[in-house]
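Colleague: Quick one: the structure is below, questions incoming.
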Amino acid sequence: MLAVAIVGAGRIGTIRSAAIHRSNKGFLAAVVDTDEARAKKLAEGTSAVVSEEWSPVLARSDIHAVIVCTPTKFHSEVVIAALEAGKHVLCEKPLGRTVIEAQKMYEASRRSRRLLKTGFNYRHMAHVLKARGLLQDNALGSLYFLRCRYGHGGRRGYEREWCTDAELSGGGVLLEQGIHIFDLARYLLGEPSRLVAQTRRYFWNFPTVEDNGFCLLETEQAQTAQIHISWTQWVNIFELELFGADGFLRLEGRDGHYGPQRLVWGVRQSDHSRPEHVIFDFPGPDNAWDLEWQEFCSAIEQQREPLGSARDGLRAQQLVEAAYQSVSRHSWIDVPVLGLEQREAH
């Protein structure tokens with residue numbers, strides 16, 4: 001079993017810890033957080049040691065894997081140190097604040113020959129997995145476009161949360177939540193070749209970051225993805241649609257306030273009458289975090305690249321950074337595959 005250290009004992013660290021406890025693949029051996037009380041709370045009921053410093057934990061030979069759940073500013077330093085110490089690493093998305101930070105982590109993984117997985121749990125949501133399977137079975141024929149609306153309305157005191165501080169997070173909603181959708185666009189539609197984007201700060205009194213992001217992507221096969229990510233979506237929404245020659249897929253819901261997951265498969269009729277609908281309901285509870293943890297462990301055991309790899313994390317980071325460049329230049333931006341030694345079958 002993997003002896004696991006969690007660095008960052010906040011909400012995501014707690015979710016990751018629960019996934020470990022529900023599995024038979026590992027156990028919590030150490031919890032690191034600058035807030036000792038928070039680290040102790042996460043370690044309750046386990047034999048995990050608690051520390052306010054990550055360096056001595058990473059130096060332990062009995063730690064096999066590290067999960068990094070800190071604010072994004074600290075990802076690069078912790079991840080690279082863990083990899084160089086011979087640990088496998090699961091790092092929350094985004095890998096870094098910038099492509100440069102993400103690239104350094106990717107390169108450290110290659111040098112160390114240790115696995116680095118990006119925390120893309122959305123790939124493991126039930127309706128996403130079902131949609132991916134249908135697409136692999138050519139259920140829609142030639143794919144034409146993807147359309148996504150995703151967001152929430154924030155919460156009281158949102159301006160004071162670290163994810164809205166550019167120094168700590170690297171960006172606003174386009175990076176914090178949008179990176180999931182950029183990754184899903186690659187996973188479900190195709191590899192983007194260029195994009196154009198726009199950001200706005202409509203409501204929240206953030207010093208610099210945006211609360212809405214709009215983006216058009218074009219793939220290498222001339223497909224289009226239309227993406228809107230929002231922190232002023234007063235009623236939570238996750239909706240992603242894919243259209244092709246033979247029909248469409250509509251993914252709805254996520255968990256919690258987003259509602260239960262549902263996949264609608266619309267089959268186009270030859271006489272152009274109303275498409276036949278096949279509905280797949282996934283009432284929950286959502287087990288994407290558990291499936292991602294199991295994927296991480298399996299990839300280590302089988303010595304292979306995981307679903308949602310370091311390359312995937314770096315590529316998604318490149319797309320988000322290109323979107324911000326588009327905003328500043330008011331133009332389309334080409335997004336060739338950069339910095340990857342070989343294209344991975346994502």
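Numbering starts fresh at 1 for the residues of each chain in the structure tokens, the chains themselves are lettered A, B, ... in the order given, and ligands are numbered from 1 as they appear.
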Considering only strand (DSSP E or B) as DSSP defines it on the backbone, what residues of segment 130-190 of chain A qualify? List them as a list of chain:residue names.
Modeller: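 After running DSSP on the backbone, segment 130-190 of chain A has strand (DSSP E or B) at A:Leu143, A:Tyr144, A:Phe145, A:Leu146, A:Arg147, A:Cys148, A:Arg149, A:Tyr150, A:Gly151.
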Colleague: Which polymer residues have any atom within 9 Å of an atom of Ile80 of chain A, counting only C-alpha atoms, with same-chain residues fewer than 5 positions away left out, as a tab-separated table (two decimals) with C-alpha atoms, in the first residue's frame?
Modeller:
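Okay, part25.tsv is ready:
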chain	number	residue	atom	x	y	z
A	75	HIS	CA	2.75	23.95	-6.28
A	85	ALA	CA	12.97	13.01	-3.44
A	104	LYS	CA	9.42	22.93	-14.78
A	105	MET	CA	7.23	20.39	-12.99
A	106	TYR	CA	6.78	18.36	-16.16
A	108	ALA	CA	11.23	17.32	-13.15
A	109	SER	CA	8.89	14.37	-13.61
Colleague: Between A:Ala323, A:Leu188, A:Leu240, A:Ala30, which residue has the minimum interatomic distance to Gly172 of chain A, considering only C-alpha atoms?
Modeller: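 Of all the options, A:Ala323 lies closest to Gly172 of chain A.
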Colleague: Separation of atom CA of Ile63 of chain A and atom CA of Gly86 of chain A, in Å?
Modeller: 9.3 Å
Colleague: Nearest to Asn138 of chain A: which of A:Trp332, A:Trp162, A:Phe248, A:Trp289 is it, counting only C-alpha atoms?
Modeller: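 With only C-alpha atoms as the atom set, the closest residue is A:Phe248.
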Colleague: For Glu220 of chain A, which residue out of A:Thr208, A:Gln233, A:Ser193, A:Asn121 is the nearest one, using only C-alpha atoms?
Modeller: A:Ser193
Colleague: Excluding segment 268-279 of chain A and any residue of its chain fewer than 4 positions from it, enumerate the residues within 9 Å of it, using only C-alpha atoms, and give them as an MDAnalysis selection string.
Modeller: chainID A and resid 140 245:248 262:264
Colleague: With N, CA and C atoms kept, could you save the residues just selected as a compact mmCIF listing (two decimals), in the first residue's frame?
Modeller:
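Output saved as part.txt:
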# COMPACT_ATOMS: atom_id res chain seq x y z
N LEU A 140 -21.62 9.79 -32.50
CA LEU A 140 -22.04 11.04 -33.14
C LEU A 140 -21.51 11.20 -34.55
N ALA A 245 -22.35 14.77 -36.75
CA ALA A 245 -23.18 14.49 -37.92
C ALA A 245 -24.39 13.62 -37.58
N ASP A 246 -24.26 12.76 -36.56
CA ASP A 246 -25.32 11.79 -36.27
C ASP A 246 -26.09 12.07 -34.98
N GLY A 247 -25.83 13.22 -34.35
CA GLY A 247 -26.57 13.52 -33.14
C GLY A 247 -25.80 14.42 -32.20
N PHE A 248 -26.20 14.37 -30.93
CA PHE A 248 -25.56 15.22 -29.94
C PHE A 248 -25.50 14.52 -28.59
N ARG A 262 -26.33 13.97 -15.46
CA ARG A 262 -27.19 13.35 -16.48
C ARG A 262 -26.52 13.49 -17.84
N LEU A 263 -26.67 12.48 -18.66
CA LEU A 263 -26.19 12.53 -20.04
C LEU A 263 -27.38 12.26 -20.96
N VAL A 264 -27.62 13.18 -21.88
CA VAL A 264 -28.66 13.01 -22.89
C VAL A 264 -27.97 12.75 -24.23
Colleague: Using only C-alpha atoms, which of A:Arg114, A:Arg149, A:His64, A:Arg315 sits nearest Glu84 of chain A?
Modeller: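 Closest to Glu84 of chain A of all the choices is A:Arg114.
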Colleague: Using only C-alpha atoms, determine which residues lie at most 9 Å from Leu184 of chain A, disregarding the query and same-chain residues fewer than 6 positions distant; provide the list as a list in words.
Modeller: Tyr122, Arg123 and Val128 of chain A
Colleague: List every residue of segment 87-295 of chain A that DSSP, applied to the backbone of this structure, assigns to alpha helix (DSSP H), and report them as a PyMOL selection string.
Modeller: chain A and resi 99-112+126-136+166-169+173-176+178-188+288-295
Colleague: Those residues with C-alpha atoms, as a CSV table (one decimal), in the first residue's frame please?
Modeller:
chain,number,residue,atom,x,y,z
A,99,VAL,CA,3.3,27.7,-18.3
A,100,ILE,CA,6.9,28.2,-17.1
A,101,GLU,CA,6.0,26.8,-13.6
A,102,ALA,CA,4.1,23.9,-15.2
A,103,GLN,CA,6.9,23.2,-17.6
A,104,LYS,CA,9.4,22.9,-14.8
A,105,MET,CA,7.2,20.4,-13.0
A,106,TYR,CA,6.8,18.4,-16.2
A,107,GLU,CA,10.5,18.3,-16.8
A,108,ALA,CA,11.2,17.3,-13.2
A,109,SER,CA,8.9,14.4,-13.6
A,110,ARG,CA,10.8,13.3,-16.7
A,111,ARG,CA,14.2,13.6,-15.0
A,112,SER,CA,13.1,11.8,-11.8
A,126,ALA,CA,-19.8,9.4,-14.6
A,127,HIS,CA,-21.4,11.4,-17.5
A,128,VAL,CA,-18.0,12.3,-18.9
A,129,LEU,CA,-16.8,8.7,-18.8
A,130,LYS,CA,-20.0,7.6,-20.5
A,131,ALA,CA,-19.7,10.4,-23.1
A,132,ARG,CA,-16.1,9.4,-23.8
A,133,GLY,CA,-17.2,5.8,-24.4
A,134,LEU,CA,-20.0,6.8,-26.8
A,135,LEU,CA,-17.6,9.1,-28.7
A,136,GLN,CA,-15.0,6.2,-29.0
A,166,ALA,CA,-3.6,36.6,-8.7
A,167,GLU,CA,-0.4,36.3,-6.7
A,168,LEU,CA,-1.6,33.1,-5.1
A,169,SER,CA,-3.7,31.6,-7.9
A,173,VAL,CA,-12.1,32.1,-13.2
A,174,LEU,CA,-10.6,31.2,-16.6
A,175,LEU,CA,-7.7,29.5,-14.9
A,176,GLU,CA,-9.3,28.3,-11.6
A,178,GLY,CA,-11.8,27.1,-16.9
A,179,ILE,CA,-8.8,24.8,-17.0
A,180,HIS,CA,-11.1,21.8,-16.4
A,181,ILE,CA,-13.1,22.8,-19.5
A,182,PHE,CA,-10.0,23.3,-21.6
A,183,ASP,CA,-8.9,19.8,-20.6
A,184,LEU,CA,-12.4,18.3,-21.4
A,185,ALA,CA,-12.4,20.1,-24.8
A,186,ARG,CA,-9.2,18.2,-25.6
A,187,TYR,CA,-10.4,15.0,-24.1
A,188,LEU,CA,-13.8,14.9,-25.9
A,288,ALA,CA,-14.9,10.9,-9.5
A,289,TRP,CA,-12.4,11.6,-6.7
A,290,ASP,CA,-12.3,7.9,-5.8
A,291,LEU,CA,-11.8,6.9,-9.4
A,292,GLU,CA,-9.0,9.4,-9.9
A,293,TRP,CA,-7.2,8.2,-6.8
A,294,GLN,CA,-7.5,4.6,-8.1
A,295,GLU,CA,-6.2,5.7,-11.5
Colleague: Near segment 15-24 of chain A, counting only C-alpha atoms, which residues have an atom at most 12 Å away, once you skip same-chain residues fewer than 2 positions from it, shown as a ChimeraX atom specification?
Modeller: /A:1-13,26-31,39,41-46,48,65-69,90-92,119,121,286-298
Colleague: Between atom CA of Leu189 of chain A and atom CA of Thr98 of chain A, what is the spacing in Å?
Modeller: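 Going from atom CA of Thr98 of chain A over to atom CA of Leu189 of chain A covers 24.4 Å.
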Colleague: In Å, rounded to a single decimal, give me how far atom CA of Glu321 of chain A is from atom CA of Val335 of chain A.
Modeller: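 We find that atom CA of Val335 of chain A and atom CA of Glu321 of chain A lie 9.7 Å from each other.
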Colleague: With only C-alpha atoms as the atoms that count, which of A:Lys40, A:Arg311, A:Lys25, A:Arg156 lies nearest to Leu95 of chain A?
Modeller: A:Arg311
